[in-house]
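Colleague: Here's a structure for you.
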Amino acid sequence: MEKLINEKIKKVFGNDYDVKFMERLLGGAQKHTFLVRCKNGFSFVAYKWDSKTSYFEQDKKALFCSSSAELFESNNHLMKDNGVITPELYFMDRTNTEQNYDYAFVEYIDGHDMDYITANQKERLPAVLDSLNSSIEKLHGIKSETAGQAGKMLPADFKMENYILGGMIKNKNFLQEHDAEY
């Protein structure tokens, strides 16, 4: 990944950008995330979606599959379009022409997490909570008459109840086949 980033970084950000170091960030069960610091002081997060490194087996045909760069990109645009504060998506490559995985360069926002602010910076809490409340209200304002994912809405006659019932029946049948006590 580091070699790819070194090659791509100049095309995305310009010739003044060289990788100083990369470190793996925690989290990301379905993707890997890396903090990339450049020699000129700029930092960003590199995301890598690779089915070989996902902790979960995904059915790519599943209606609500959440492990994809495409979904990340469409959700990023949906939130931005609706005024929800979210990191800037600088670059996304889903072509798999230079490598066999999707990857993205995303804005790095440095700072403390909520636990730290709550314990050590109580004076910041009102502003942080107001900002969070504003984003949550904007998220709740995003409505659709149909179910689905951003950019992949299901037909208007899709019934969530039938989908859930079908999943429950499938799980029950699996248990009956594989659990002697059932």
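Ordering of the structure tokens sets the chain letters (A, B, ...), residue numbers begin anew at 1 in every chain, and ligands are numbered from 1 in the order given.
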Taking 3 positions as the minimum chain separation for residues in the same chain, which residues sit within 8 Å of region 149-157 of chain A when counting only C-alpha atoms? Answer as number ranges by chain.

Modeller: A: 64, 71, 74-75, 78, 145-146

Colleague: Skip Leu89 (chain A) itself and residues of its chain fewer than 5 positions away, then list as a ChimeraX atom specification all residues within 10 Å of it, counting only C-alpha atoms.

Modeller: /A:44-45,72-73,76-77,104-108

Colleague: Would you please give, as a VMD selection string, all residues of chain A that DSSP assigns to strand (DSSP E) based on the backbone?

Modeller: chain A and resid 19 to 24 32 to 38 43 to 49 89 to 93 102 to 107 148 to 149 152 to 153

Colleague: Where in chain A does DSSP assign alpha helix (DSSP H), given as a PyMOL selection string?

Modeller: chain A and resi 2-13+69-81+114-120+125-140+160-178

Colleague: Please indicate the distance in Å from CA of Gln99 (chain A) to CA of Met1 (chain A), rounded to one decimal place.

Modeller: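 Answer for the CA of Gln99 (chain A) to CA of Met1 (chain A) separation: 9.3 Å.
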
Colleague: Considering only C-alpha atoms, return as a list in words whatever protein or nucleic-acid residues lie within 12 Å of Asn6 (chain A), sequence-local ones (same chain, fewer than 2 positions apart) excluded.

Modeller: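 The filter keeps Met1, Glu2, Lys3, Leu4, Lys8, Ile9, Lys10, Lys11, Val12, Phe13, Gly14, Asn15, Asp16, Tyr17, Asp18, Val19, Lys20, Phe21, Met22, Val36, Arg37, Cys38, Lys39 and Ala46 of chain A.
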
Colleague: CA of Val128 (chain A) and CA of Ile109 (chain A), how far apart in Å?

Modeller: 14.2 Å

Colleague: What does the distance between CA of Thr97 (chain A) and CA of Phe42 (chain A) come to in Å, to one decimal place?

Modeller: 26.9 Å

Colleague: Excluding region 161-169 of chain A and residues on its chain fewer than 2 positions from it, collect all residues at most 12 Å away from it, counting only C-alpha atoms, and give them as a count of residues only.

Modeller: 15

Colleague: Please provide as a ChimeraX atom specification all residues within 7 Å of Leu25 (chain A), with the sequence filter that same-chain residues fewer than 6 positions apart are discarded (counting only C-alpha atoms).

Modeller: /A:33-35

Colleague: Between A:Tyr47, A:Ile5, A:Ile85, A:Ser68, which residue has the minimum interatomic distance to Asn133 (chain A), considering only C-alpha atoms?

Modeller: A:Ile85
